[in-house]
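Here the structure comes first, spelled out in structure tokens, and everything after it is commentary.
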Amino acid sequence: MSLLDILAHVGVQYVCGVPDSTLESFIAEVIGSPMFDHQIASCEGSAVSLAAGQSMATGRPCCVYMQNSGLPNALNPLLSMFSPAVYDIPLILIIGWRGEPGTVDEPQHMVMGGHTLKFLELLGMDPLRVTADTSTDPIQAYVETSVRDRRNAALLVSKGATLSQTDSSIRAREHLISFDESIDRLAVIDTIVRTIPESSIVFSSTGYAAREIMLYSSRECGRSYVHLPCVGGMGFTSSFAIGVSQADPDRNVYCIDGDGSFLMHGLSSSVAPLRNTKFRHIVLNNGCHNSAGGFATSSNSVDFVKIAEGLGYSHPRRVANQSRLEAELTEIASSSRPGFIEIRCGLQSFGKLPRPDRRLTEYKKDYLVAMGRQVLSPQPGTTLADLPVW
């Protein structure tokens, strides 16, 4: 019996979540299965909240999948909706375990990976750890017992574990949206890098965007901008960048975002206080979570430019052809007001992309040096008055 059969057997009809590369083949199999209604949510909190509504209306347990990095995003609804002391709603969580202790992963995953069991314990969940050697029998027994006893279940899936009977990951791209017009992504990244003004601060979001900008940074020794890759905290890159722009309004501050990241949390920061800053928000919209299996986002039903207008950006634009790209990027670079550009691009990338080859605190030091500041480690006997500003 496959995992999909197990879920159907206990009454699950609705499956929702945020894509994760560890769960890629499972998600693709769900998408291709007629047994389930499936929905990709903008963030993990939304996913479990959607499942709460579905379960309330149908009386059936629901299944939600996510990466463990997104588990904190779901804590509020998991505690305040699903708890037996509140609405007492049954749920089956499938969690990809990045940064599992004993493995090697990126720094932000190792931090979250070490805390994942503590979060599940906080939620009152006793997870079943699923590895490459786990058969479906213990999974079936665990899920059936959890549903029977009205206990929320959590399958904690190690990297390399297989939850589907066949490798169906290729199906994911069959469900992608197709823009009428888009630009080759390699050309987009190249043009962005060439038009960034001297002494800019460039934030890049989780996924391919950070790694693509990182590739250019490593290629160009004499680069004139400081790059701060936000390889963790998906969706919060724009807030991070806005905080810097508010504190340093005369400096060009760029946020190179993705459509999945923007939809997740990019609307959480008001641009109104940024009227007199040089904040530039660039959203690379390829219609999917490209680094997590290529599963579609909801960007085909969202007008990013209208949202940007409502948020108060003074230069909201959509660019979908190469002939306008450089002119729009040059115009936004020269503006004294916050600007926004949605760039519709393809799925191309640069082949094998780099991952951070040094601690992220080293990127922070690049920024501080560019600002003429230093990070000083307090010595024994240091008082509060002796500490540097930062």
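The chains in the structure tokens are called A, B, ... from first to last as shown; in each chain the residues are counted from 1, and the ligands are counted from 1 in the order shown.
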Tell me, as a list of chain:residue names, which residues lie within 7 Å of Val18 in chain A, counting only C-alpha atoms; anything in the same chain fewer than 4 positions away does not count.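 Near neighbours after the sequence-gap exclusion: A:Ile40, A:Ala41, A:Ser42, A:Cys43, A:Glu44, A:Tyr65, A:Met66.
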Selection from above, C-alpha atoms, as a tab-separated table (two decimals), in the first residue's frame, can you write it?
chain	number	residue	atom	x	y	z
A	40	ILE	CA	-0.44	24.70	-3.12
A	41	ALA	CA	-0.66	27.38	-0.42
A	42	SER	CA	1.28	30.63	-0.23
A	43	CYS	CA	2.68	29.80	3.22
A	44	GLU	CA	2.55	27.03	5.79
A	65	TYR	CA	2.97	18.94	3.64
A	66	MET	CA	5.83	21.40	4.22
Would you please work out which residue, of A:Ile307, A:Val10, A:Ile242, A:Leu163, is nearest to Glu29 in chain A when using only C-alpha atoms?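 For Glu29 in chain A, the nearest of the candidates is A:Leu163.
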Choose the residue, out of A:Gln13, A:Thr136, A:Asn276, A:Ser301, that has the smallest atom-to-atom separation from Ser335 in chain A; count only C-alpha atoms.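 Among A:Gln13, A:Thr136, A:Asn276, A:Ser301, it is A:Asn276 that comes nearest to Ser335 in chain A.
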What gap, in Å, lies between CA of Ser298 in chain A and CA of Asp190 in chain A? 26.2 Å
Residues near range 141-157 of chain A, cut-off 10 Å, only C-alpha atoms, skip fewer than 4 positions along chain, as a ChimeraX atom specification: /A:3,6-7,9-11,22-23,60-61,63-65,67-68,78,82-84,88-98,100,116-117,120,123-132,134,136-137,161-163
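Residue nearest Pro138 in chain A, chosen from A:Ser323, A:Leu360, A:Ser2, A:His265 and counting only C-alpha atoms: A:Ser2.
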Mind the document's chain letters and residue numbers, and return as number ranges by chain the residues of range 26-69 of chain A that DSSP labels strand (DSSP E). A: 37-40, 62-67
Residue list (helix (DSSP H, G or I), DSSP) for range 316-355 of chain A, as a PyMOL selection string: chain A and resi 322-334
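Separating CA of Gly53 in chain A from CA of Met234 in chain A is a distance of 24.9 Å.
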May I have the residues within 8 Å of Tyr313 in chain A as a PyMOL selection string, using only C-alpha atoms and disregarding those fewer than 2 positions away in the same chain? chain A and resi 271-272+275+308-311+315-316+337-340
Next, dump the selected residues to file, keeping only N, CA and C atoms, as a short mmCIF file (atom, residue, chain, number, x, y, z; two decimals), in the first residue's frame.
data_model
loop_
_atom_site.label_atom_id
_atom_site.label_comp_id
_atom_site.auth_asym_id
_atom_site.auth_seq_id
_atom_site.Cartn_x
_atom_site.Cartn_y
_atom_site.Cartn_z
N VAL A 271 4.98 49.95 2.49
CA VAL A 271 5.99 50.77 1.82
C VAL A 271 5.78 52.25 2.12
N ALA A 272 4.65 52.59 2.70
CA ALA A 272 4.34 54.00 2.95
C ALA A 272 5.46 54.76 3.66
N ARG A 275 8.59 56.44 1.42
CA ARG A 275 8.36 57.37 0.31
C ARG A 275 9.63 58.09 -0.13
N ALA A 308 1.42 46.33 -5.82
CA ALA A 308 2.50 47.30 -5.58
C ALA A 308 1.96 48.72 -5.54
N GLU A 309 1.00 49.02 -6.42
CA GLU A 309 0.38 50.35 -6.42
C GLU A 309 -0.30 50.59 -5.08
N GLY A 310 -1.04 49.59 -4.60
CA GLY A 310 -1.76 49.72 -3.34
C GLY A 310 -0.82 49.86 -2.15
N LEU A 311 0.35 49.24 -2.25
CA LEU A 311 1.32 49.33 -1.16
C LEU A 311 2.05 50.67 -1.13
N HIS A 315 6.88 53.44 -8.57
CA HIS A 315 7.26 53.04 -9.93
C HIS A 315 6.90 51.57 -10.15
N PRO A 316 5.61 51.20 -10.05
CA PRO A 316 5.25 49.79 -10.27
C PRO A 316 5.19 49.48 -11.76
N ARG A 337 12.60 57.60 -5.30
CA ARG A 337 11.44 57.03 -4.59
C ARG A 337 11.49 55.51 -4.66
N PRO A 338 10.80 54.80 -3.79
CA PRO A 338 10.80 53.33 -3.84
C PRO A 338 10.13 52.82 -5.11
N GLY A 339 10.72 51.84 -5.76
CA GLY A 339 10.18 51.33 -7.01
C GLY A 339 9.97 49.83 -6.97
N PHE A 340 9.13 49.36 -7.87
CA PHE A 340 8.77 47.93 -7.94
C PHE A 340 8.72 47.49 -9.40
#
Near-Gly346 in chain A list (8 Å; only C-alpha atoms; drop same-chain fewer than 6 positions) as a PyMOL selection string: chain A and resi 182-185+286
Distance in Å - CA of Phe26 in chain A versus CA of Asp5 in chain A: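 A separation of 12.1 Å between them.
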With only C-alpha atoms as the basis for distance, which of A:Ser261, A:Ser158, A:Thr277, A:Arg194 is at the shortest distance from Gly243 in chain A?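 Of all the options, A:Thr277 lies closest to Gly243 in chain A.
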Please determine, counting only C-alpha atoms, which residue among A:Gly114, A:Asp250, A:Leu122, A:Pro107 has the shortest atom-to-atom distance to Leu79 in chain A.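 Ranked by minimum distance to Leu79 in chain A, first place goes to A:Leu122.
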Can you tell me which residues surround Glu342 in chain A at a distance of at most 6 Å, considering only C-alpha atoms, apart from same-chain residues fewer than 3 positions away, and format the answer as a ChimeraX atom specification? /A:282-283,318
Which residues come within 7 Å of Val231 in chain A, counting only C-alpha atoms, excluding same-chain residues fewer than 5 positions away, as a CSV table (one decimal) with N, CA and C atoms, in the first residue's frame?
chain,number,residue,atom,x,y,z
A,205,SER,N,16.5,36.7,-2.3
A,205,SER,CA,15.7,35.8,-1.5
A,205,SER,C,16.0,34.3,-1.6
A,206,THR,N,15.4,33.5,-0.7
A,206,THR,CA,15.5,32.1,-0.7
A,206,THR,C,15.2,31.5,-2.1
A,207,GLY,N,15.9,30.5,-2.4
A,207,GLY,CA,15.7,29.8,-3.7
A,207,GLY,C,16.8,30.1,-4.7
A,210,ALA,N,19.0,34.0,-4.7
A,210,ALA,CA,20.2,34.2,-3.9
A,210,ALA,C,21.4,33.6,-4.5
